[in-house]
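Okay, target-v2.txt is below, compact mmCIF, C-alpha atoms:
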```
# COMPACT_ATOMS: atom_id res chain seq x y z
CA MET A 295 302.81 -38.55 -192.68
CA ASN A 296 300.31 -36.19 -194.33
CA SER A 297 302.22 -36.49 -197.62
CA LEU A 298 302.01 -40.28 -197.52
CA LEU A 299 298.28 -40.14 -196.79
CA CYS A 300 297.83 -37.70 -199.66
CA ILE A 301 299.79 -39.92 -202.08
CA TRP A 302 297.77 -42.97 -201.04
CA ALA A 303 294.50 -41.05 -201.39
CA VAL A 304 295.41 -40.02 -204.97
CA ALA A 305 296.20 -43.63 -205.86
CA VAL A 306 292.96 -44.87 -204.28
CA LYS A 307 291.00 -42.20 -206.16
CA ASP A 308 292.43 -43.41 -209.46
CA VAL A 309 291.70 -47.06 -208.62
CA ARG A 310 288.09 -46.26 -207.71
CA SER A 311 287.70 -44.15 -210.84
CA GLU A 312 289.13 -46.91 -213.06
CA LEU A 313 286.88 -49.54 -211.49
CA ARG A 314 283.89 -47.31 -212.30
CA VAL A 315 284.72 -46.32 -215.89
CA ARG A 316 287.14 -49.18 -216.81
CA TYR A 317 288.55 -47.16 -219.68
CA ALA A 318 292.21 -48.19 -219.31
CA LEU A 319 291.37 -51.73 -218.16
CA ASN A 320 289.18 -52.39 -221.20
CA ALA A 321 291.77 -50.94 -223.58
CA LEU A 322 294.54 -53.06 -222.02
CA LEU A 323 292.49 -56.24 -221.98
CA MET A 324 291.39 -55.88 -225.59
CA PHE A 325 294.95 -55.25 -226.73
CA VAL A 326 296.33 -58.20 -224.79
CA VAL A 327 293.70 -60.67 -225.99
CA THR A 328 293.91 -59.47 -229.59
CA SER A 329 297.72 -59.50 -229.69
CA ILE A 330 298.06 -62.97 -228.20
CA ALA A 331 295.31 -64.34 -230.45
CA VAL A 332 297.12 -62.98 -233.52
CA LEU A 333 300.40 -64.50 -232.32
CA VAL A 334 298.81 -67.88 -231.71
CA ILE A 335 297.22 -67.87 -235.18
CA ALA A 336 300.41 -66.67 -236.90
CA LEU A 337 302.92 -68.81 -235.04
CA GLY A 338 300.92 -71.92 -234.25
CA ASP A 339 303.17 -74.70 -232.93
CA SER A 340 306.35 -73.34 -234.50
CA GLY A 341 309.14 -73.40 -231.95
CA LEU A 342 310.69 -70.00 -231.77
CA ASN A 343 314.04 -69.33 -230.17
CA PRO A 344 314.06 -67.78 -226.68
CA GLU A 345 315.09 -64.33 -227.89
CA ILE A 346 312.14 -64.05 -230.27
CA MET A 347 309.70 -65.49 -227.71
CA SER A 348 311.00 -62.99 -225.19
CA ALA A 349 310.80 -60.05 -227.62
CA LEU A 350 307.22 -60.89 -228.57
CA PHE A 351 306.30 -61.23 -224.90
CA TRP A 352 307.57 -57.76 -224.07
CA ILE A 353 306.12 -56.21 -227.22
CA VAL A 354 302.67 -57.34 -226.12
CA ILE A 355 303.23 -55.88 -222.63
CA LEU A 356 304.75 -52.66 -223.92
CA PHE A 357 302.09 -51.81 -226.49
CA SER A 358 299.26 -52.87 -224.17
CA ALA A 359 300.68 -50.66 -221.45
CA MET A 360 301.10 -47.71 -223.80
CA SER A 361 297.47 -47.98 -224.86
CA GLY A 362 296.33 -47.46 -221.29
CA LEU A 363 298.96 -45.81 -219.12
CA SER A 364 298.76 -42.36 -220.72
CA ARG A 365 295.13 -42.04 -219.56
CA ILE A 366 296.27 -41.28 -216.05
CA PHE A 367 296.95 -37.63 -216.90
CA VAL A 368 295.21 -37.25 -220.24
CA SER A 369 291.83 -38.04 -218.67
CA GLU A 370 292.35 -35.36 -215.99
CA GLU A 371 293.03 -32.74 -218.71
CA GLU A 372 290.19 -33.90 -220.96
CA ARG A 373 287.65 -33.86 -218.13
CA GLY A 374 288.96 -30.59 -216.69
CA THR A 375 289.65 -32.10 -213.26
CA THR A 376 293.31 -31.03 -213.19
CA LEU A 377 292.42 -27.82 -211.38
CA VAL A 378 290.60 -29.51 -208.53
CA LEU A 379 293.50 -31.91 -208.07
CA GLN A 380 295.97 -29.01 -208.05
CA LEU A 381 293.90 -27.37 -205.31
CA VAL A 382 293.95 -30.32 -202.90
CA ALA A 383 297.30 -32.00 -203.54
CA SER A 384 300.93 -31.00 -203.92
CA PRO A 385 302.63 -31.87 -207.23
CA SER A 386 304.75 -34.58 -205.62
CA ALA A 387 301.69 -36.22 -204.05
CA VAL A 388 299.95 -36.25 -207.43
CA TYR A 389 303.02 -37.71 -209.15
CA PHE A 390 303.66 -40.49 -206.65
CA GLY A 391 299.97 -41.31 -206.29
CA LYS A 392 299.57 -41.73 -210.02
CA LEU A 393 302.87 -43.61 -210.24
CA ILE A 394 301.58 -46.13 -207.69
CA PHE A 395 298.41 -46.56 -209.73
CA ASN A 396 300.31 -47.03 -213.00
CA CYS A 397 302.72 -49.49 -211.37
CA GLY A 398 299.78 -51.51 -210.06
CA LEU A 399 298.06 -51.47 -213.45
CA THR A 400 301.23 -52.55 -215.26
CA LEU A 401 301.87 -55.38 -212.79
CA VAL A 402 298.32 -56.66 -213.31
CA LEU A 403 298.83 -56.42 -217.07
CA SER A 404 302.18 -58.24 -216.95
CA SER A 405 300.73 -61.00 -214.79
CA ALA A 406 297.85 -61.46 -217.22
CA VAL A 407 300.15 -61.53 -220.25
CA SER A 408 302.50 -64.00 -218.53
CA LEU A 409 299.64 -66.33 -217.71
CA LEU A 410 298.11 -66.14 -221.19
CA TYR A 411 301.51 -66.62 -222.79
CA VAL A 412 302.18 -69.78 -220.78
CA ILE A 413 298.72 -71.14 -221.73
CA ALA A 414 298.87 -70.11 -225.41
CA PHE A 415 302.47 -71.20 -226.13
CA PRO A 416 303.43 -74.60 -224.71
CA ALA A 417 306.99 -73.93 -225.91
CA PHE A 418 307.20 -70.93 -223.55
CA ILE A 419 308.86 -72.82 -220.71
CA ILE A 420 310.60 -70.79 -218.02
CA ARG A 421 313.57 -72.66 -216.58
CA SER A 422 314.55 -69.90 -214.10
CA GLY A 423 311.27 -68.89 -212.51
CA ALA A 424 312.73 -66.47 -209.98
CA VAL A 425 314.76 -64.61 -212.64
CA PHE A 426 311.68 -64.38 -214.85
CA LEU A 427 309.45 -63.07 -212.05
CA CYS A 428 312.05 -60.50 -211.01
CA THR A 429 312.45 -59.36 -214.62
CA VAL A 430 308.71 -58.99 -215.12
CA PHE A 431 308.40 -57.12 -211.81
CA LEU A 432 311.25 -54.66 -212.41
CA GLY A 433 310.45 -54.29 -216.10
CA SER A 434 306.83 -53.45 -215.31
CA LEU A 435 307.82 -50.86 -212.73
CA GLY A 436 310.28 -49.35 -215.21
CA PHE A 437 307.66 -49.08 -217.96
CA ALA A 438 305.15 -47.59 -215.53
CA SER A 439 307.65 -45.00 -214.25
CA ALA A 440 308.64 -43.81 -217.69
CA SER A 441 305.06 -43.85 -218.96
CA THR A 442 303.78 -41.82 -216.02
CA MET A 443 306.16 -38.92 -216.61
CA ILE A 444 305.68 -38.96 -220.39
CA ALA A 445 301.90 -38.98 -219.88
CA ALA A 446 302.19 -35.89 -217.69
CA ILE A 447 304.25 -34.13 -220.36
CA ILE A 448 301.91 -34.88 -223.27
CA ALA A 449 298.63 -34.39 -221.37
CA LYS A 450 298.41 -30.73 -222.38
CA ALA A 451 299.69 -31.23 -225.94
CA GLN A 452 297.62 -31.35 -229.12
CA ALA A 453 298.56 -34.62 -230.85
CA LYS A 454 298.73 -36.62 -227.63
CA ASN A 455 298.80 -40.17 -228.97
CA THR A 456 301.48 -39.51 -231.56
CA LEU A 457 303.59 -37.48 -229.19
CA TYR A 458 303.31 -40.12 -226.47
CA THR A 459 304.65 -42.85 -228.75
CA VAL A 460 307.40 -40.63 -230.16
CA LEU A 461 308.57 -39.56 -226.69
CA ALA A 462 308.17 -42.95 -225.05
CA PHE A 463 310.20 -45.09 -227.43
CA PRO A 464 313.68 -43.57 -226.92
CA VAL A 465 313.13 -43.42 -223.16
CA ILE A 466 311.88 -47.00 -222.85
CA ALA A 467 314.21 -48.59 -225.44
CA PRO A 468 317.16 -49.22 -223.05
CA LEU A 469 314.86 -50.92 -220.56
CA LEU A 470 313.14 -52.90 -223.31
CA ILE A 471 316.43 -54.28 -224.64
CA THR A 472 317.50 -55.26 -221.11
CA VAL A 473 314.27 -57.03 -220.13
CA ILE A 474 314.09 -58.89 -223.46
CA HIS A 475 317.62 -60.19 -222.95
CA THR A 476 316.99 -61.15 -219.31
CA THR A 477 313.72 -62.92 -220.13
CA ALA A 478 315.51 -64.89 -222.84
CA LEU A 479 318.09 -65.89 -220.23
CA SER A 480 315.35 -67.02 -217.85
CA ILE A 481 313.85 -69.21 -220.61
CA GLN A 482 317.27 -70.75 -221.19
CA GLY A 483 317.81 -71.34 -217.45
CA GLY A 484 320.12 -68.45 -216.71
CA THR A 485 321.30 -68.14 -213.09
CA TRP A 486 321.20 -65.11 -210.80
CA GLY A 487 324.92 -64.63 -211.31
CA GLU A 488 324.50 -64.38 -215.08
CA THR A 489 321.72 -61.82 -214.80
CA VAL A 490 323.17 -59.50 -212.13
CA PRO A 491 324.32 -56.85 -214.66
CA GLN A 492 320.84 -56.77 -216.22
CA PHE A 493 319.15 -56.34 -212.84
CA GLN A 494 321.58 -53.58 -211.97
CA ILE A 495 320.54 -51.81 -215.17
CA MET A 496 316.83 -52.25 -214.39
CA ILE A 497 317.17 -50.97 -210.81
CA GLY A 498 319.37 -48.10 -211.95
CA TYR A 499 316.87 -47.20 -214.67
CA LEU A 500 314.04 -47.16 -212.16
CA CYS A 501 315.96 -44.95 -209.72
CA VAL A 502 317.00 -42.47 -212.42
CA VAL A 503 313.56 -42.20 -214.03
CA VAL A 504 311.66 -41.85 -210.75
CA GLY A 505 314.24 -39.47 -209.28
CA PHE A 506 314.35 -37.25 -212.35
CA SER A 507 310.57 -37.30 -212.76
CA SER A 508 309.90 -36.36 -209.15
CA ILE A 509 312.10 -33.27 -209.58
CA MET A 510 310.74 -32.25 -212.99
CA PHE A 511 307.07 -32.96 -212.29
CA ASP A 512 306.53 -29.65 -210.47
CA PHE A 513 307.37 -27.76 -213.66
CA VAL A 514 305.21 -29.98 -215.86
CA TRP A 515 302.16 -29.99 -213.58
CA LYS A 516 301.77 -26.27 -212.93
CA ASP A 517 300.84 -23.74 -215.64
CA MET B 253 290.04 -18.34 -187.56
CA ASN B 254 293.72 -17.82 -188.38
CA GLN B 255 295.04 -14.39 -189.36
CA VAL B 256 296.23 -14.43 -192.96
CA SER B 257 297.71 -12.02 -195.44
CA ILE B 258 298.50 -12.15 -199.14
CA THR B 259 301.09 -9.73 -200.52
CA VAL B 260 301.22 -9.40 -204.30
CA SER B 261 304.38 -7.62 -205.45
CA GLY B 262 304.87 -6.44 -209.01
CA ILE B 263 303.41 -9.47 -210.73
CA THR B 264 303.38 -9.68 -214.49
CA LYS B 265 301.93 -12.52 -216.51
CA SER B 266 302.57 -13.26 -220.17
CA PHE B 267 301.54 -16.10 -222.44
CA ASN B 268 303.61 -16.64 -225.59
CA HIS B 269 305.10 -13.12 -225.35
CA ARG B 270 301.64 -11.55 -225.02
CA ASN B 271 301.28 -9.52 -221.81
CA ILE B 272 298.11 -10.27 -219.88
CA PHE B 273 298.81 -7.77 -217.09
CA ARG B 274 301.86 -5.97 -215.77
CA ASN B 275 303.21 -4.87 -212.42
CA ILE B 276 300.21 -5.62 -210.19
CA SER B 277 300.73 -5.03 -206.47
CA PHE B 278 298.44 -5.07 -203.46
CA LEU B 279 298.12 -6.39 -199.91
CA LEU B 280 295.16 -8.26 -198.46
CA SER B 281 294.71 -9.30 -194.86
CA SER B 282 291.94 -10.85 -192.78
CA SER B 283 288.58 -9.08 -192.98
CA SER B 284 289.45 -7.44 -196.28
CA SER B 285 287.89 -8.02 -199.66
CA LEU B 286 289.00 -7.30 -203.20
CA ALA B 287 287.17 -7.24 -206.50
CA ILE B 288 289.23 -7.93 -209.62
CA THR B 289 287.45 -6.32 -212.54
CA GLY B 290 288.15 -5.79 -216.19
CA LYS B 291 286.78 -6.61 -219.60
CA ASN B 292 286.92 -10.09 -221.16
CA GLY B 293 290.50 -11.26 -221.60
CA ALA B 294 291.92 -8.73 -219.14
CA GLY B 295 293.34 -11.49 -216.94
CA LYS B 296 290.86 -11.65 -214.05
CA SER B 297 290.75 -15.47 -213.96
CA THR B 298 294.51 -15.62 -214.50
CA LEU B 299 295.15 -13.33 -211.51
CA SER B 300 292.76 -15.32 -209.32
CA LYS B 301 294.52 -18.57 -210.31
CA ILE B 302 297.91 -17.03 -209.51
CA MET B 303 296.68 -16.02 -206.06
CA ALA B 304 295.32 -19.52 -205.49
CA GLY B 305 298.74 -20.94 -206.37
CA LEU B 306 297.44 -22.66 -209.49
CA MET B 307 299.54 -20.71 -211.93
CA SER B 308 303.03 -19.24 -211.80
CA THR B 309 303.91 -15.62 -212.51
CA THR B 310 306.18 -14.40 -215.31
CA GLN B 311 307.65 -11.80 -212.99
CA GLY B 312 307.01 -10.72 -209.43
CA SER B 313 305.93 -12.71 -206.42
CA VAL B 314 303.04 -13.56 -204.13
CA ALA B 315 303.80 -13.98 -200.42
CA TYR B 316 301.48 -15.68 -197.95
CA THR B 317 301.50 -15.35 -194.17
CA LEU B 318 299.57 -17.33 -191.59
CA ASN B 319 299.46 -15.84 -188.06
CA ASN B 320 302.36 -13.54 -189.07
CA LYS B 321 304.53 -16.42 -190.25
CA THR B 322 305.47 -16.66 -193.94
CA ILE B 323 304.52 -20.01 -195.46
CA ASP B 324 304.85 -21.40 -198.96
CA ILE B 325 301.95 -21.75 -201.33
CA GLU B 326 301.74 -25.54 -201.09
CA ALA B 327 301.05 -25.21 -197.35
CA PHE B 328 298.84 -22.13 -197.80
CA LYS B 329 296.58 -23.90 -200.32
CA HIS B 330 294.92 -25.72 -197.41
CA TYR B 331 293.55 -22.35 -196.28
CA ILE B 332 292.15 -21.38 -199.68
CA GLY B 333 288.68 -22.06 -201.04
CA PHE B 334 288.34 -21.57 -204.79
CA VAL B 335 285.28 -21.38 -207.04
CA SER B 336 285.74 -21.02 -210.79
CA PRO B 337 284.03 -21.87 -214.08
CA TYR B 338 287.19 -23.90 -214.88
CA LEU B 339 286.71 -26.22 -211.89
CA ASN B 340 285.22 -29.63 -212.67
CA PHE B 341 284.49 -32.65 -210.52
CA TYR B 342 284.66 -36.34 -211.27
CA ASP B 343 281.55 -37.41 -213.22
CA GLU B 344 281.95 -41.05 -212.22
CA PHE B 345 281.48 -40.20 -208.53
CA THR B 346 278.48 -38.80 -206.68
CA ALA B 347 278.44 -35.36 -205.08
CA LEU B 348 279.17 -36.79 -201.64
CA GLU B 349 281.87 -39.11 -202.96
CA ASN B 350 283.61 -36.20 -204.67
CA LEU B 351 283.75 -34.28 -201.38
CA GLN B 352 284.91 -37.35 -199.45
CA ILE B 353 287.64 -38.25 -201.95
CA LEU B 354 288.94 -34.70 -202.31
CA SER B 355 288.88 -34.26 -198.54
CA ARG B 356 290.98 -37.40 -198.10
CA ILE B 357 293.47 -36.21 -200.71
CA ARG B 358 293.75 -32.85 -198.96
CA ALA B 359 294.62 -34.95 -195.87
CA THR B 360 295.36 -32.12 -193.45
CA ALA B 361 292.20 -32.66 -191.48
CA ARG B 362 289.64 -35.19 -192.50
CA GLU B 363 286.33 -33.44 -192.76
CA SER B 364 283.63 -35.18 -190.76
CA GLU B 365 280.48 -36.51 -192.33
CA SER B 366 278.50 -33.93 -190.36
CA ARG B 367 280.56 -31.12 -191.93
CA MET B 368 279.89 -32.57 -195.39
CA LYS B 369 276.18 -32.68 -194.58
CA GLU B 370 276.39 -29.07 -193.39
CA VAL B 371 278.00 -27.70 -196.57
CA LEU B 372 275.87 -29.79 -198.92
CA SER B 373 272.72 -28.66 -197.08
CA LEU B 374 273.90 -25.04 -197.19
CA ALA B 375 274.37 -25.43 -200.95
CA GLY B 376 270.93 -27.05 -201.26
CA LEU B 377 272.40 -30.36 -202.49
CA TRP B 378 271.95 -32.74 -199.55
CA GLU B 379 268.98 -34.46 -201.22
CA ARG B 380 271.11 -35.06 -204.32
CA ARG B 381 274.25 -36.18 -202.49
CA ASP B 382 274.12 -39.72 -203.92
CA ASP B 383 273.57 -38.63 -207.53
CA PHE B 384 276.38 -38.70 -210.06
CA ILE B 385 277.80 -35.34 -211.13
CA ASP B 386 276.97 -35.92 -214.78
CA THR B 387 273.28 -35.78 -213.84
CA PHE B 388 273.68 -32.31 -212.31
CA SER B 389 272.61 -29.10 -214.02
CA SER B 390 275.19 -26.31 -214.44
CA GLY B 391 273.63 -24.45 -211.49
CA MET B 392 273.91 -27.50 -209.27
CA LYS B 393 277.53 -28.00 -210.28
CA GLN B 394 278.19 -24.38 -209.32
CA ARG B 395 276.60 -25.01 -205.90
CA LEU B 396 278.77 -28.09 -205.44
CA LYS B 397 281.82 -25.93 -206.14
CA TYR B 398 280.78 -23.75 -203.19
CA ALA B 399 280.27 -26.80 -200.97
CA PHE B 400 283.78 -27.98 -201.90
CA ALA B 401 285.31 -24.53 -201.39
CA LEU B 402 283.74 -24.11 -197.94
CA LEU B 403 284.28 -27.66 -196.69
CA HIS B 404 287.52 -26.92 -194.84
CA ASN B 405 286.47 -23.46 -193.50
CA PRO B 406 288.98 -21.55 -195.62
CA GLU B 407 290.58 -18.34 -194.40
CA VAL B 408 290.76 -17.13 -198.02
CA LEU B 409 287.87 -17.49 -200.45
CA ILE B 410 288.52 -16.77 -204.14
CA LEU B 411 285.44 -16.58 -206.35
CA ASP B 412 285.80 -16.34 -210.11
CA GLU B 413 282.46 -15.30 -211.65
CA PRO B 414 280.64 -16.17 -208.39
CA THR B 415 277.04 -16.18 -209.63
CA SER B 416 277.69 -17.89 -212.95
CA ASN B 417 274.76 -20.27 -213.77
CA MET B 418 272.98 -19.37 -210.51
CA ASP B 419 269.26 -18.73 -210.13
CA ASP B 420 267.88 -16.02 -207.79
CA GLU B 421 268.04 -18.37 -204.81
CA GLY B 422 271.61 -19.24 -205.73
CA ILE B 423 272.56 -15.57 -205.94
CA GLU B 424 271.17 -15.01 -202.42
CA PHE B 425 273.19 -18.00 -201.24
CA VAL B 426 276.36 -16.48 -202.72
CA GLU B 427 275.66 -13.11 -201.09
CA HIS B 428 275.20 -14.87 -197.73
CA ILE B 429 278.56 -16.66 -198.15
CA VAL B 430 280.25 -13.42 -199.15
CA LYS B 431 278.94 -11.61 -196.03
CA LEU B 432 280.22 -14.39 -193.75
CA GLN B 433 283.61 -14.51 -195.41
CA LYS B 434 284.15 -10.75 -195.32
CA ARG B 435 283.72 -10.75 -191.54
CA GLN B 436 286.40 -13.28 -190.70
CA GLY B 437 288.63 -13.98 -193.68
CA VAL B 438 289.88 -12.71 -197.01
CA LEU B 439 287.49 -12.51 -199.94
CA ILE B 440 288.52 -12.09 -203.57
CA ILE B 441 285.97 -11.86 -206.38
CA ALA B 442 286.93 -11.83 -210.05
CA THR B 443 284.04 -10.49 -212.10
CA ASN B 444 282.92 -8.16 -214.84
CA LYS B 445 279.55 -7.51 -213.15
CA LYS B 446 279.22 -4.28 -211.23
CA ASN B 447 276.86 -5.69 -208.60
CA GLU B 448 279.32 -8.51 -207.79
CA ALA B 449 282.25 -6.09 -207.64
CA GLY B 450 280.19 -3.93 -205.29
CA LEU B 451 280.24 -6.71 -202.70
CA CYS B 452 283.93 -6.00 -202.02
CA ASP B 453 285.58 -3.09 -200.20
CA GLN B 454 288.49 -2.67 -202.62
CA GLU B 455 288.76 -3.00 -206.38
CA ILE B 456 291.56 -3.51 -208.82
CA HIS B 457 290.76 -2.91 -212.48
CA LEU B 458 292.78 -4.79 -215.11
CA GLU B 459 293.20 -3.13 -218.51
```

Show this structure as structure tokens.
Amino acid sequence: MNSLLCIWAVAVKDVRSELRVRYALNALLMFVVTSIAVLVIALGDSGLNPEIMSALFWIVILFSAMSGLSRIFVSEEERGTTLVLQLVASPSAVYFGKLIFNCGLTLVLSSAVSLLYVIAFPAFIIRSGAVFLCTVFLGSLGFASASTMIAAIIAKAQAKNTLYTVLAFPVIAPLLITVIHTTALSIQGGTWGETVPQFQIMIGYLCVVVGFSSIMFDFVWKD
Amino acid sequence: MNQVSITVSGITKSFNHRNIFRNISFLLSSSSSLAITGKNGAGKSTLSKIMAGLMSTTQGSVAYTLNNKTIDIEAFKHYIGFVSPYLNFYDEFTALENLQILSRIRATARESESRMKEVLSLAGLWERRDDFIDTFSSGMKQRLKYAFALLHNPEVLILDEPTSNMDDEGIEFVEHIVKLQKRQGVLIIATNKKNEAGLCDQEIHLE
């Protein structure tokens, strides 16, 4: 019970901190608005096929998320608050608390991008709403899980931004391919039956990344 | 207060193949105090971090007991208060908010508002409790570190450079805290000042 309270308290701390400084929120918002504006200007009314629409959708989410999700650990190192957090919380509580925060942030981001996409591109019509929502939900959690662990790894490194991108891409690529394909299916009206293998991959990815990260985090967090 | 002991057995610490210290051993129990002395770079802060469970050893081990029962460091951390120049609080929160948030994260026993008032008043910061940390002077931040370290009535108090940035009044405050802690718990001071080392009953000198 104490562990759960501790995890929740870490997540609440990060939410309160973000609402005060708005560093990640502002970075995400600017990236989302800029990216979608550029797409609208470049593509106009041209009808793109579902695969390309889907790929562009997830590229906006992915790069927006990467601009903000690494802050969760990098800011603790930069401000020197890692030590105080190590004193009051176990490594697993820190990991799961920050994972909850990053998952929440990514879900908010995905919801915003989905809404803006639907408004900006009239051709972006989702024929299987439930499949789309499930894909966005699981895809967001997958991105957040991978990003959280990678952020913890690079937080103490020198060239953080470069290293984050270099490490993140090969880890996130399998998930990215899967969610792009599933989103394209949802645009085309794909049924649950047709998308079961993709959802199995997404759930499996989430379990493997979170499971592996929760074991490895102890070694990453402590000096 | 609980009876505690810390047994350090043959610990060695290296960074990138450079030895900081080798084969350090000692035992501390309730009502004992230890000064860790040495010149700059000898490893005083490193040893204090290892004892606080904030850093791992290269070789050797640190064992913690609570009322004669061995417990792991993650559980023992709730009985440790730590003050260090490397400790920083969250600038976007006020002094009181920092204590409240960190107390909730610690989660073993929620510290009451009256206890927070007590430690902040003891540290001379009650009047500034609603001010953001980035408006604090270095001396005030040091006092807040003491308020945080004492909030949960720790059995073990580890002070790294205890009077750093403190004025005369602050130094008296630290000496008062040290006297109280020596009576009932374990006190560890890492310092290169002779007068601070003199506050402890035992000394270990790092080369």

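Pairwise distance (CA of Leu432 in chain B, CA of Ser284 in chain B) equals 11.8 Å.
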
inquiry  = What's around Asp383 in chain B at 12 Å? Count all atoms listed in the file, leave out sequence neighbours fewer than 5 positions away in its own chain, and write the answer as number ranges by chain.
reply    = B: 342-350, 377-378, 388-389, 392-393, 396

For the selection just defined, write its residues with C-alpha atoms to a file, as a short mmCIF file (atom, residue, chain, number, x, y, z; two decimals), keeping the file's coordinate frame.
```cif
data_model
loop_
_atom_site.label_atom_id
_atom_site.label_comp_id
_atom_site.auth_asym_id
_atom_site.auth_seq_id
_atom_site.Cartn_x
_atom_site.Cartn_y
_atom_site.Cartn_z
CA TYR B 342 284.66 -36.34 -211.27
CA ASP B 343 281.55 -37.41 -213.22
CA GLU B 344 281.95 -41.05 -212.22
CA PHE B 345 281.48 -40.20 -208.53
CA THR B 346 278.48 -38.80 -206.68
CA ALA B 347 278.44 -35.36 -205.08
CA LEU B 348 279.17 -36.79 -201.64
CA GLU B 349 281.87 -39.11 -202.96
CA ASN B 350 283.61 -36.20 -204.67
CA LEU B 377 272.40 -30.36 -202.49
CA TRP B 378 271.95 -32.74 -199.55
CA PHE B 388 273.68 -32.31 -212.31
CA SER B 389 272.61 -29.10 -214.02
CA MET B 392 273.91 -27.50 -209.27
CA LYS B 393 277.53 -28.00 -210.28
CA LEU B 396 278.77 -28.09 -205.44
#
```

Per-residue nearest contacts chain B to chain A, cut-off 6 Å, using all atoms listed in the file, as a tab-separated table:
```
residue	atom	partner	partner_atom	distance
B:Met307	CA	A:Asp517	CA	5.0
B:Leu339	CA	A:Leu377	CA	6.0
B:Asn340	CA	A:Thr375	CA	5.1
B:Phe341	CA	A:Thr375	CA	5.9
B:Ile357	CA	A:Cys300	CA	4.7
B:Arg358	CA	A:Val382	CA	4.7
B:Ala359	CA	A:Cys300	CA	5.7
```

remark   = Expressed in Å, the length from CA of Ala478 in chain A to CA of Glu345 in chain A is 5.1 Å

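Atom pair CA of Thr485 in chain A / CA of Ile471 in chain A has a distance of 18.7 Å (rounded to one decimal).
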